[in-house]
Structure formats: structure tokens, C-alpha cells
Amino acid sequence: MKIPFLNRLVNRPASVAVLRLQGAIGIAGRGGSGLSDAALAPMLERAFKRRKPAAVALAVNSPGGSPVQSSLIGARIRRLAQENDVPVHAFVEDVAASGGYWLASAADFIWADDSSVLGSIGVISSGFGFAELIQRHGIERRVHTAGRSKSMLDPFRPESPEDVARLERLLAPIHQAFKEQVIARRGSRLAEDRDLFTGEIWTGREAVELGLADGIAHLVPKMRALYGDKTRFLTYGQRVPLLRRFGLSAEALIGGVEERAAFSRFEVRG
């Protein structure tokens, strides 16, 4: 691991690579703003290798999303950090919840604002049921499958105990993987007298007390305090397609609605 003050000793300003991890994870498709391992890979590679940064700072603002993409992105961050011997700091902005916290936990240190929202270490599956609605309007549902479980959780059929049991069997190992990730990364820093894996969320100061974050700090002043007042910042972000910049992509519009709904679960206005 690099020593923060080494660059000061040789009288050379340190450089810190800043990666913006903004948006829901794995939700948007082509032209959308969702975070995915494939989309972030080139940016992550450049950030860890270009100009030999003293550190990488992750600016995290995500309500979560795909557990698989969260795992892939987090694993890539750890591989690059170890291969290049670069420390990683995560700075939580509005929210790092669910998969967003998974991304933050890939860092060596997590910093937050007092009003940031962190946690939601759980797994969720949600939907709607329209069985009574279509019956009331005389609509007949016709479904033919090859495979008894192929129509599991069909919203136009009454929910069955068997389907619920199958879903719970799917959710349990995903939740377990999330818990193992947090325990592996945060270790002894986690509070031992609290169950942190119920899906509950906390503000920044509470998260620090529970060991889910290391302190209250903002990106630029914290990095300058660690790596010198003359620290240079190299910012990396996803490229935004031209049509999306002007709101002309229908796919991006749908992805934006989904992303906005994901953020709204954790939104608090002053």
C-alpha cells in the first residue's frame, strides 16, 4: 500500500483518480445511465493505471440495483487496487444503499456526509398482482407452459405458497453473499451488538458509529489532507450518448424513470 506522504517527500504533487459511480446498478440498457461492469471496465482500468495515482476516490451515489453487477464491479475494483498497489477511498454522496453500499465496501475506507444514507444490506423482489382485477372485468388469462414453474409469480394469477417459497430460496443465498462481502471488507470495524443485515438504512453519523463508514468527510478536502494541498484530481466518468444528453432516447427515458423510482426510496428533502 502506498504511503500518503511519500509524494511530499520527493516534492511532487500527488494525483488522485476520481471515479463517479452515479446511478442505479444494472437497470438501464443501451443509452441509459445504469452502472454495469462492462460499461465501467475501461474507466476503472484507466483510473488505476494512468499517471500512477496515489489513490483512487470513488464518488458513490447509488440506490442499488443488480446484485450480480454490484459484485462484478466491486470485485474489479479490488483486483485493480491489489494489482496496482493503490488505496481506494469511497465518498458517499446522497445515498449508498443496497448495491450502492456494496460498491462503497469495495474501498479500503468509506467516508460520508452527515446526511448521507447508507446501508440497506438486504435483497428485495417486488411486483403487483392483478388476478382479481381481470376476473372482475371478465378477462380470461390463457397461459401454456412446458415446465411446472415456468409461470412462477405471474401477476395475473393468485400468489401461491409454492411460488413464495421458491422466491425465498432464491433471495436467501444472494443476501448471504452480500453479508459475506460486507463482513470481509469491514471486518472488526463493524459493531458487534447490532444486526446490520436487516435491510435497515442509517445516516452518515450513525453509519460511522456502526462501523459501516470510517468518518465524516468530503472528497477534495479529505484527499488533500491525506495526500497534500497540491494534490491533483483526475476525474473519470461514463460517456453519455448524444441522444440521451438531449432527452431524445425513449430507452434512456424509461431507464431514467426506473432509476428515479429507485432513488426515491431513500430521498429526504430539506
# chains A, B, ... in the order shown; residues from 1 in each chain; ligands from 1
>>> residues_around(residues="Arg79 in chain A", least_positions_apart="3", cutoff="12 Å", atoms="only C-alpha atoms", output="list in words")
Ala41, Leu44, Glu45, Phe48, Leu72, Ile73, Gly74, Ala75, Arg76, Gln82, Glu83, Asn84, Asp85, Val86, Pro87, Val88, Ala106 and Ala107 of chain A
>>> residues_around(residues="Leu35 in chain A", least_positions_apart="3", cutoff="7 Å", atoms="only C-alpha atoms", output="PyMOL selection string")
chain A and resi 23-26+39
>>> write_last_selection(atoms="N, CA, C and O atoms", output="mmCIF file, in the first residue's frame")
data_model
loop_
_atom_site.group_PDB
_atom_site.id
_atom_site.type_symbol
_atom_site.label_atom_id
_atom_site.label_comp_id
_atom_site.auth_asym_id
_atom_site.auth_seq_id
_atom_site.Cartn_x
_atom_site.Cartn_y
_atom_site.Cartn_z
ATOM 1 N N GLY A 23 -25.825 6.528 -10.077
ATOM 2 C CA GLY A 23 -26.984 5.916 -10.709
ATOM 3 C C GLY A 23 -27.289 4.535 -10.189
ATOM 4 O O GLY A 23 -26.563 3.960 -9.382
ATOM 5 N N ALA A 24 -28.400 4.002 -10.675
ATOM 6 C CA ALA A 24 -28.801 2.645 -10.310
ATOM 7 C C ALA A 24 -27.884 1.645 -11.003
ATOM 8 O O ALA A 24 -27.284 1.936 -12.038
ATOM 9 N N ILE A 25 -27.781 0.467 -10.431
ATOM 10 C CA ILE A 25 -26.820 -0.529 -10.910
ATOM 11 C C ILE A 25 -27.525 -1.561 -11.786
ATOM 12 O O ILE A 25 -28.430 -2.261 -11.332
ATOM 13 N N GLY A 26 -27.103 -1.594 -13.046
ATOM 14 C CA GLY A 26 -27.601 -2.622 -13.952
ATOM 15 C C GLY A 26 -29.012 -2.451 -14.429
ATOM 16 O O GLY A 26 -29.568 -3.352 -15.052
ATOM 17 N N ALA A 39 -19.637 -1.584 -18.768
ATOM 18 C CA ALA A 39 -19.555 -0.157 -19.092
ATOM 19 C C ALA A 39 -18.453 0.544 -18.301
ATOM 20 O O ALA A 39 -17.800 1.463 -18.803
#
>>> residues_around(residues="range 132-144 of chain A", least_positions_apart="6", cutoff="10 Å", atoms="only C-alpha atoms", output="PDB file with C-alpha atoms, in the first residue's frame")
ATOM      1  CA  LYS A 150     -42.248 -21.522 -15.815  1.00  0.00           C
ATOM      2  CA  SER A 151     -45.069 -19.129 -14.887  1.00  0.00           C
ATOM      3  CA  ASP A 154     -47.347 -14.491 -12.844  1.00  0.00           C
ATOM      4  CA  PHE A 156     -52.316 -12.258 -13.330  1.00  0.00           C
ATOM      5  CA  ARG A 157     -52.620 -15.394 -11.194  1.00  0.00           C
ATOM      6  CA  PRO A 158     -53.196 -15.632  -7.420  1.00  0.00           C
TER       7      PRO A 158
END
>>> residues_around(residues="Asp229 in chain A", least_positions_apart="6", cutoff="10 Å", atoms="only C-alpha atoms", output="list of chain:residue names")
A:Arg8, A:Pro13, A:Ala14, A:Val220, A:Pro221, A:Met223
>>> write_last_selection(atoms="C-alpha atoms", output="compact mmCIF listing (two decimals), in the first residue's frame")
# COMPACT_ATOMS: atom_id res chain seq x y z
CA ARG A 8 5.54 15.21 -0.35
CA PRO A 13 2.23 16.74 -6.15
CA ALA A 14 0.20 13.59 -5.78
CA VAL A 220 -11.45 17.08 -2.05
CA PRO A 221 -10.53 18.29 1.45
CA MET A 223 -7.77 13.75 -0.15
>>> atom_distance(atom1="CA of Ser160 in chain A", atom2="CA of Ser126 in chain A")
15.0 Å
>>> closest_residue(among="A:Ser71, A:Ser15, A:Ser98, A:Ser116", to="Thr203 in chain A", atoms="only C-alpha atoms")
A:Ser116
>>> residues_around(residues="Arg166 in chain A", least_positions_apart="6", cutoff="12 Å", atoms="only C-alpha atoms", output="count of residues only")
7
>>> select_by_dssp(residues="range 8-194 of chain A", states="helix (DSSP H, G or I)", output="short mmCIF file (atom, residue, chain, number, x, y, z; two decimals) with N, CA, C and O atoms, in the first residue's frame")
data_model
loop_
_atom_site.label_atom_id
_atom_site.label_comp_id
_atom_site.auth_asym_id
_atom_site.auth_seq_id
_atom_site.Cartn_x
_atom_site.Cartn_y
_atom_site.Cartn_z
N ARG A 8 5.07 13.97 -0.97
CA ARG A 8 5.54 15.21 -0.35
C ARG A 8 7.06 15.16 -0.14
O ARG A 8 7.76 16.16 -0.31
N LEU A 9 7.55 13.94 0.21
CA LEU A 9 8.98 13.81 0.49
C LEU A 9 9.82 14.06 -0.75
O LEU A 9 10.93 14.58 -0.68
N ASP A 37 -20.63 -3.59 -14.99
CA ASP A 37 -19.21 -3.91 -15.04
C ASP A 37 -18.63 -3.67 -16.43
O ASP A 37 -17.55 -3.10 -16.57
N ALA A 38 -19.37 -4.06 -17.46
CA ALA A 38 -18.88 -3.89 -18.83
C ALA A 38 -18.69 -2.42 -19.17
O ALA A 38 -17.70 -2.05 -19.81
N ALA A 39 -19.64 -1.58 -18.77
CA ALA A 39 -19.55 -0.16 -19.09
C ALA A 39 -18.45 0.54 -18.30
O ALA A 39 -17.80 1.46 -18.80
N LEU A 40 -18.23 0.11 -17.05
CA LEU A 40 -17.26 0.78 -16.19
C LEU A 40 -15.83 0.27 -16.36
O LEU A 40 -14.88 0.95 -15.96
N ALA A 41 -15.67 -0.92 -16.93
CA ALA A 41 -14.35 -1.54 -17.00
C ALA A 41 -13.27 -0.64 -17.62
O ALA A 41 -12.19 -0.47 -17.02
N PRO A 42 -13.48 -0.02 -18.79
CA PRO A 42 -12.42 0.82 -19.36
C PRO A 42 -12.07 2.01 -18.46
O PRO A 42 -10.90 2.36 -18.31
N MET A 43 -13.09 2.62 -17.86
CA MET A 43 -12.86 3.76 -16.98
C MET A 43 -12.07 3.34 -15.74
O MET A 43 -11.14 4.04 -15.32
N LEU A 44 -12.42 2.20 -15.17
CA LEU A 44 -11.70 1.72 -13.99
C LEU A 44 -10.24 1.40 -14.32
O LEU A 44 -9.34 1.73 -13.54
N GLU A 45 -10.02 0.77 -15.45
CA GLU A 45 -8.65 0.44 -15.86
C GLU A 45 -7.81 1.70 -15.99
O GLU A 45 -6.67 1.76 -15.50
N ARG A 46 -8.35 2.74 -16.64
CA ARG A 46 -7.60 3.98 -16.82
C ARG A 46 -7.33 4.65 -15.47
O ARG A 46 -6.24 5.17 -15.22
N ALA A 47 -8.34 4.67 -14.62
CA ALA A 47 -8.21 5.38 -13.35
C ALA A 47 -7.10 4.78 -12.47
O ALA A 47 -6.34 5.52 -11.82
N PHE A 48 -6.98 3.46 -12.46
CA PHE A 48 -5.99 2.82 -11.59
C PHE A 48 -4.58 2.82 -12.19
O PHE A 48 -3.60 2.69 -11.45
N LYS A 49 -4.47 2.98 -13.50
CA LYS A 49 -3.16 2.83 -14.13
C LYS A 49 -2.59 4.12 -14.70
O LYS A 49 -1.37 4.26 -14.81
N PRO A 67 -27.62 -7.29 -8.00
CA PRO A 67 -26.58 -7.83 -7.11
C PRO A 67 -25.40 -8.42 -7.88
O PRO A 67 -24.26 -8.35 -7.42
N VAL A 68 -25.66 -8.96 -9.05
CA VAL A 68 -24.57 -9.54 -9.84
C VAL A 68 -23.64 -8.44 -10.34
O VAL A 68 -22.41 -8.55 -10.22
N GLN A 69 -24.19 -7.38 -10.90
CA GLN A 69 -23.35 -6.27 -11.37
C GLN A 69 -22.62 -5.60 -10.21
O GLN A 69 -21.47 -5.19 -10.35
N SER A 70 -23.27 -5.49 -9.06
CA SER A 70 -22.61 -4.94 -7.88
C SER A 70 -21.39 -5.77 -7.52
O SER A 70 -20.30 -5.24 -7.23
N SER A 71 -21.56 -7.08 -7.54
CA SER A 71 -20.46 -7.99 -7.20
C SER A 71 -19.33 -7.90 -8.23
O SER A 71 -18.15 -7.84 -7.86
N LEU A 72 -19.68 -7.85 -9.51
CA LEU A 72 -18.68 -7.79 -10.56
C LEU A 72 -17.87 -6.49 -10.49
O LEU A 72 -16.64 -6.50 -10.61
N ILE A 73 -18.57 -5.36 -10.31
CA ILE A 73 -17.88 -4.07 -10.23
C ILE A 73 -16.99 -4.02 -9.00
O ILE A 73 -15.83 -3.60 -9.05
N GLY A 74 -17.54 -4.45 -7.85
CA GLY A 74 -16.75 -4.45 -6.62
C GLY A 74 -15.52 -5.32 -6.72
O GLY A 74 -14.43 -4.95 -6.28
N ALA A 75 -15.66 -6.50 -7.34
CA ALA A 75 -14.52 -7.41 -7.49
C ALA A 75 -13.47 -6.80 -8.41
O ALA A 75 -12.26 -6.95 -8.18
N ARG A 76 -13.90 -6.11 -9.46
CA ARG A 76 -12.94 -5.47 -10.38
C ARG A 76 -12.16 -4.38 -9.65
O ARG A 76 -10.94 -4.23 -9.84
N ILE A 77 -12.84 -3.59 -8.85
CA ILE A 77 -12.16 -2.54 -8.08
C ILE A 77 -11.10 -3.15 -7.18
O ILE A 77 -9.97 -2.66 -7.09
N ARG A 78 -11.44 -4.24 -6.49
CA ARG A 78 -10.46 -4.87 -5.60
C ARG A 78 -9.26 -5.44 -6.38
O ARG A 78 -8.12 -5.31 -5.95
N ARG A 79 -9.52 -6.07 -7.52
CA ARG A 79 -8.42 -6.63 -8.31
C ARG A 79 -7.46 -5.54 -8.75
O ARG A 79 -6.24 -5.67 -8.63
N LEU A 80 -8.01 -4.45 -9.27
CA LEU A 80 -7.17 -3.36 -9.75
C LEU A 80 -6.40 -2.70 -8.61
O LEU A 80 -5.24 -2.31 -8.77
N ALA A 81 -7.05 -2.57 -7.45
CA ALA A 81 -6.38 -1.97 -6.29
C ALA A 81 -5.18 -2.81 -5.86
O ALA A 81 -4.11 -2.29 -5.55
N GLN A 82 -5.37 -4.12 -5.85
CA GLN A 82 -4.29 -5.01 -5.43
C GLN A 82 -3.19 -5.11 -6.48
O GLN A 82 -2.00 -5.09 -6.16
N GLU A 83 -3.57 -5.21 -7.75
CA GLU A 83 -2.58 -5.33 -8.81
C GLU A 83 -1.70 -4.09 -8.93
O GLU A 83 -0.51 -4.19 -9.25
N ASN A 84 -2.29 -2.92 -8.66
CA ASN A 84 -1.56 -1.66 -8.83
C ASN A 84 -1.11 -1.04 -7.51
O ASN A 84 -0.53 0.04 -7.51
N GLY A 99 -26.98 -2.29 -3.34
CA GLY A 99 -25.81 -2.46 -4.20
C GLY A 99 -24.89 -1.26 -4.18
O GLY A 99 -23.68 -1.40 -4.42
N GLY A 100 -25.43 -0.07 -3.92
CA GLY A 100 -24.59 1.12 -3.80
C GLY A 100 -23.63 1.00 -2.64
O GLY A 100 -22.46 1.42 -2.72
N TYR A 101 -24.09 0.40 -1.54
CA TYR A 101 -23.18 0.18 -0.41
C TYR A 101 -22.19 -0.94 -0.74
O TYR A 101 -21.05 -0.91 -0.29
N TRP A 102 -22.63 -1.93 -1.52
CA TRP A 102 -21.71 -2.98 -1.96
C TRP A 102 -20.52 -2.35 -2.68
O TRP A 102 -19.36 -2.71 -2.44
N LEU A 103 -20.79 -1.38 -3.58
CA LEU A 103 -19.71 -0.70 -4.29
C LEU A 103 -18.80 0.05 -3.31
O LEU A 103 -17.58 0.00 -3.43
N ALA A 104 -19.41 0.76 -2.36
CA ALA A 104 -18.62 1.51 -1.38
C ALA A 104 -17.74 0.57 -0.56
O ALA A 104 -16.59 0.90 -0.22
N SER A 105 -18.25 -0.61 -0.25
CA SER A 105 -17.49 -1.54 0.58
C SER A 105 -16.27 -2.11 -0.14
O SER A 105 -15.40 -2.72 0.49
N ALA A 131 -54.83 -10.46 -10.32
CA ALA A 131 -55.73 -11.59 -10.52
C ALA A 131 -57.19 -11.19 -10.33
O ALA A 131 -58.06 -11.50 -11.17
N GLU A 132 -57.52 -10.49 -9.25
CA GLU A 132 -58.91 -10.11 -9.00
C GLU A 132 -59.39 -9.05 -9.99
O GLU A 132 -60.57 -9.03 -10.38
N LEU A 133 -58.50 -8.19 -10.43
CA LEU A 133 -58.87 -7.13 -11.37
C LEU A 133 -59.36 -7.71 -12.69
O LEU A 133 -60.41 -7.31 -13.21
N ILE A 134 -58.62 -8.68 -13.25
CA ILE A 134 -59.02 -9.21 -14.54
C ILE A 134 -60.27 -10.08 -14.41
O ILE A 134 -61.09 -10.15 -15.33
N GLN A 135 -60.44 -10.74 -13.27
CA GLN A 135 -61.65 -11.51 -13.06
C GLN A 135 -62.88 -10.60 -13.01
O GLN A 135 -63.93 -10.91 -13.57
N ARG A 136 -62.72 -9.47 -12.34
CA ARG A 136 -63.82 -8.52 -12.20
C ARG A 136 -64.26 -7.96 -13.55
O ARG A 136 -65.42 -7.61 -13.74
N PRO A 161 -48.29 -20.31 -2.28
CA PRO A 161 -47.24 -20.55 -1.28
C PRO A 161 -46.00 -21.18 -1.89
O PRO A 161 -44.88 -20.90 -1.47
N GLU A 162 -46.20 -22.03 -2.91
CA GLU A 162 -45.05 -22.68 -3.56
C GLU A 162 -44.17 -21.65 -4.26
O GLU A 162 -42.94 -21.72 -4.18
N ASP A 163 -44.79 -20.69 -4.93
CA ASP A 163 -44.02 -19.66 -5.62
C ASP A 163 -43.26 -18.79 -4.62
O ASP A 163 -42.10 -18.43 -4.86
N VAL A 164 -43.89 -18.45 -3.52
CA VAL A 164 -43.25 -17.63 -2.50
C VAL A 164 -42.04 -18.37 -1.92
O VAL A 164 -40.97 -17.79 -1.71
N ALA A 165 -42.20 -19.66 -1.67
CA ALA A 165 -41.11 -20.47 -1.12
C ALA A 165 -39.94 -20.53 -2.10
O ALA A 165 -38.77 -20.43 -1.70
N ARG A 166 -40.25 -20.67 -3.39
CA ARG A 166 -39.18 -20.68 -4.40
C ARG A 166 -38.44 -19.36 -4.42
O ARG A 166 -37.21 -19.31 -4.52
N LEU A 167 -39.18 -18.26 -4.35
CA LEU A 167 -38.56 -16.94 -4.37
C LEU A 167 -37.66 -16.74 -3.16
O LEU A 167 -36.55 -16.20 -3.28
N GLU A 168 -38.12 -17.17 -2.00
CA GLU A 168 -37.30 -17.03 -0.79
C GLU A 168 -36.02 -17.84 -0.89
O GLU A 168 -34.98 -17.42 -0.38
N ARG A 169 -36.09 -18.99 -1.55
CA ARG A 169 -34.88 -19.80 -1.75
C ARG A 169 -33.89 -19.08 -2.69
O ARG A 169 -32.68 -19.27 -2.57
N LEU A 170 -34.41 -18.27 -3.60
CA LEU A 170 -33.54 -17.50 -4.49
C LEU A 170 -32.92 -16.32 -3.76
O LEU A 170 -31.73 -16.01 -3.95
N LEU A 171 -33.69 -15.65 -2.93
CA LEU A 171 -33.22 -14.44 -2.25
C LEU A 171 -32.20 -14.74 -1.16
O LEU A 171 -31.27 -13.96 -0.95
N ALA A 172 -32.36 -15.86 -0.46
CA ALA A 172 -31.51 -16.16 0.70
C ALA A 172 -30.02 -16.22 0.35
O ALA A 172 -29.19 -15.58 1.02
N PRO A 173 -29.59 -16.97 -0.67
CA PRO A 173 -28.15 -17.00 -0.97
C PRO A 173 -27.60 -15.67 -1.47
O PRO A 173 -26.42 -15.36 -1.26
N ILE A 174 -28.43 -14.87 -2.15
CA ILE A 174 -27.98 -13.55 -2.59
C ILE A 174 -27.72 -12.66 -1.39
O ILE A 174 -26.72 -11.94 -1.31
N HIS A 175 -28.64 -12.72 -0.42
CA HIS A 175 -28.46 -11.95 0.81
C HIS A 175 -27.21 -12.42 1.55
O HIS A 175 -26.44 -11.60 2.08
N GLN A 176 -26.99 -13.71 1.58
CA GLN A 176 -25.82 -14.26 2.27
C GLN A 176 -24.52 -13.76 1.61
O GLN A 176 -23.56 -13.41 2.30
N ALA A 177 -24.51 -13.72 0.29
CA ALA A 177 -23.32 -13.22 -0.42
C ALA A 177 -23.06 -11.76 -0.08
O ALA A 177 -21.90 -11.34 0.08
N PHE A 178 -24.12 -10.97 0.03
CA PHE A 178 -24.00 -9.55 0.39
C PHE A 178 -23.41 -9.43 1.79
O PHE A 178 -22.48 -8.64 2.03
N LYS A 179 -23.92 -10.19 2.73
CA LYS A 179 -23.40 -10.15 4.10
C LYS A 179 -21.92 -10.53 4.15
O LYS A 179 -21.12 -9.88 4.84
N GLU A 180 -21.56 -11.57 3.41
CA GLU A 180 -20.17 -12.02 3.41
C GLU A 180 -19.25 -10.95 2.82
O GLU A 180 -18.11 -10.78 3.29
N GLN A 181 -19.73 -10.24 1.81
CA GLN A 181 -18.94 -9.15 1.23
C GLN A 181 -18.66 -8.06 2.26
O GLN A 181 -17.53 -7.60 2.42
N VAL A 182 -19.70 -7.63 2.97
CA VAL A 182 -19.54 -6.55 3.95
C VAL A 182 -18.65 -7.00 5.10
O VAL A 182 -17.76 -6.25 5.55
N ILE A 183 -18.85 -8.21 5.58
CA ILE A 183 -18.02 -8.72 6.69
C ILE A 183 -16.56 -8.84 6.26
O ILE A 183 -15.65 -8.48 7.01
N ALA A 184 -16.34 -9.33 5.04
CA ALA A 184 -14.97 -9.49 4.56
C ALA A 184 -14.26 -8.15 4.42
O ALA A 184 -13.07 -8.03 4.72
N ARG A 185 -14.98 -7.12 3.99
CA ARG A 185 -14.36 -5.83 3.75
C ARG A 185 -14.27 -4.96 5.00
O ARG A 185 -13.31 -4.23 5.19
N ARG A 186 -15.28 -5.03 5.88
CA ARG A 186 -15.32 -4.14 7.05
C ARG A 186 -14.78 -4.82 8.31
O ARG A 186 -14.31 -4.15 9.23
N GLY A 187 -14.88 -6.14 8.37
CA GLY A 187 -14.28 -6.91 9.45
C GLY A 187 -14.58 -6.42 10.85
O GLY A 187 -15.73 -6.20 11.23
N SER A 188 -13.52 -6.23 11.62
CA SER A 188 -13.66 -5.86 13.03
C SER A 188 -14.19 -4.45 13.24
O SER A 188 -14.51 -4.07 14.36
N ARG A 189 -14.29 -3.67 12.16
CA ARG A 189 -14.83 -2.32 12.30
C ARG A 189 -16.34 -2.32 12.54
O ARG A 189 -16.90 -1.35 13.03
#
>>> residues_around(residues="Leu58 in chain A", least_positions_apart="6", cutoff="10 Å", atoms="only C-alpha atoms", output="list in words")
Ala17, Val18, Leu19, Arg20, Leu21, Gln22, Ile77, Val88, His89, Ala90, Phe91, Val92, Leu103, Ala104, Ala106, Ala107, Ile110, Trp111, Leu219, Thr235 and Tyr236 of chain A
>>> select_by_dssp(residues="range 27-80 of chain A", states="strand (DSSP E)", output="list in words")
Ala55, Val56, Ala57, Leu58, Ala59, Val60, Asn61 and Ser62 of chain A
>>> write_last_selection(atoms="N, CA, C and O atoms", output="tab-separated table (two decimals), in the first residue's frame")
chain	number	residue	atom	x	y	z
A	55	ALA	N	-3.89	7.48	-5.04
A	55	ALA	CA	-5.11	6.86	-4.52
A	55	ALA	C	-6.21	6.98	-5.55
A	55	ALA	O	-6.14	7.80	-6.48
A	56	VAL	N	-7.23	6.16	-5.38
A	56	VAL	CA	-8.45	6.26	-6.19
A	56	VAL	C	-9.58	6.62	-5.25
A	56	VAL	O	-9.74	6.01	-4.19
A	57	ALA	N	-10.35	7.62	-5.62
A	57	ALA	CA	-11.50	8.06	-4.83
A	57	ALA	C	-12.78	7.75	-5.60
A	57	ALA	O	-12.95	8.18	-6.75
A	58	LEU	N	-13.67	7.00	-4.98
A	58	LEU	CA	-14.97	6.67	-5.57
A	58	LEU	C	-16.02	7.64	-5.04
A	58	LEU	O	-16.25	7.68	-3.83
A	59	ALA	N	-16.63	8.41	-5.92
A	59	ALA	CA	-17.75	9.27	-5.52
A	59	ALA	C	-19.02	8.47	-5.77
A	59	ALA	O	-19.48	8.35	-6.91
A	60	VAL	N	-19.59	7.91	-4.70
A	60	VAL	CA	-20.69	6.96	-4.82
A	60	VAL	C	-22.03	7.65	-4.54
A	60	VAL	O	-22.21	8.31	-3.52
A	61	ASN	N	-22.96	7.47	-5.47
A	61	ASN	CA	-24.32	7.97	-5.27
A	61	ASN	C	-25.25	7.00	-5.99
A	61	ASN	O	-25.59	7.19	-7.16
A	62	SER	N	-25.64	5.94	-5.29
A	62	SER	CA	-26.42	4.88	-5.93
A	62	SER	C	-27.39	4.24	-4.94
A	62	SER	O	-27.01	3.93	-3.81
>>> atom_distance(atom1="CA of Asp193 in chain A", atom2="CA of Val208 in chain A")
14.4 Å
>>> atom_distance(atom1="CA of Arg194 in chain A", atom2="CA of Gly64 in chain A")
22.4 Å
>>> closest_residue(among="A:Ser120, A:Ser36, A:Ser66, A:Ser115", to="Ala96 in chain A", atoms="only C-alpha atoms")
A:Ser120
>>> decode(residues="range 153-160 of chain A", atoms="all heavy atoms", output="compact mmCIF listing (two decimals), in the first residue's frame")
# COMPACT_ATOMS: atom_id res chain seq x y z
N LEU A 153 -44.83 -16.62 -10.20
CA LEU A 153 -45.10 -15.23 -9.87
C LEU A 153 -45.77 -14.46 -11.00
O LEU A 153 -45.59 -13.25 -11.14
CB LEU A 153 -43.81 -14.51 -9.44
CG LEU A 153 -43.09 -15.09 -8.21
CD1 LEU A 153 -41.79 -14.35 -7.96
CD2 LEU A 153 -44.00 -15.02 -6.99
N ASP A 154 -46.54 -15.15 -11.81
CA ASP A 154 -47.35 -14.49 -12.84
C ASP A 154 -48.28 -13.50 -12.15
O ASP A 154 -49.08 -13.88 -11.29
CB ASP A 154 -48.18 -15.55 -13.59
CG ASP A 154 -48.95 -14.97 -14.77
OD1 ASP A 154 -49.32 -13.78 -14.71
OD2 ASP A 154 -49.17 -15.71 -15.74
N PRO A 155 -48.20 -12.18 -12.46
CA PRO A 155 -49.01 -11.18 -11.76
C PRO A 155 -50.51 -11.31 -12.02
O PRO A 155 -51.32 -10.69 -11.32
CB PRO A 155 -48.47 -9.85 -12.29
CG PRO A 155 -47.92 -10.19 -13.62
CD PRO A 155 -47.34 -11.57 -13.48
N PHE A 156 -50.90 -12.11 -13.01
CA PHE A 156 -52.32 -12.26 -13.33
C PHE A 156 -52.91 -13.53 -12.74
O PHE A 156 -54.04 -13.89 -13.03
CB PHE A 156 -52.52 -12.24 -14.85
CG PHE A 156 -52.10 -10.94 -15.48
CD1 PHE A 156 -50.87 -10.83 -16.12
CD2 PHE A 156 -52.92 -9.83 -15.40
CE1 PHE A 156 -50.48 -9.63 -16.69
CE2 PHE A 156 -52.52 -8.62 -15.96
CZ PHE A 156 -51.31 -8.53 -16.60
N ARG A 157 -52.13 -14.22 -11.90
CA ARG A 157 -52.62 -15.39 -11.19
C ARG A 157 -52.49 -15.15 -9.70
O ARG A 157 -51.61 -14.41 -9.26
CB ARG A 157 -51.80 -16.64 -11.57
CG ARG A 157 -51.92 -17.07 -13.01
CD ARG A 157 -50.93 -18.19 -13.29
NE ARG A 157 -51.02 -19.27 -12.32
CZ ARG A 157 -50.07 -20.18 -12.12
NH1 ARG A 157 -48.94 -20.11 -12.80
NH2 ARG A 157 -50.25 -21.13 -11.23
N PRO A 158 -53.34 -15.77 -8.88
CA PRO A 158 -53.20 -15.63 -7.42
C PRO A 158 -51.83 -16.14 -6.98
O PRO A 158 -51.31 -17.12 -7.51
CB PRO A 158 -54.32 -16.52 -6.86
CG PRO A 158 -55.31 -16.62 -7.98
CD PRO A 158 -54.51 -16.59 -9.25
N GLU A 159 -51.22 -15.44 -6.00
CA GLU A 159 -49.92 -15.85 -5.49
C GLU A 159 -50.05 -17.18 -4.75
O GLU A 159 -50.95 -17.35 -3.93
CB GLU A 159 -49.38 -14.78 -4.55
CG GLU A 159 -47.95 -14.98 -4.12
CD GLU A 159 -47.42 -13.79 -3.32
OE1 GLU A 159 -47.99 -13.53 -2.24
OE2 GLU A 159 -46.47 -13.13 -3.78
N SER A 160 -49.14 -18.10 -5.02
CA SER A 160 -49.19 -19.41 -4.37
C SER A 160 -48.07 -19.56 -3.35
O SER A 160 -46.99 -18.98 -3.53
CB SER A 160 -49.07 -20.52 -5.42
OG SER A 160 -47.75 -20.58 -5.94
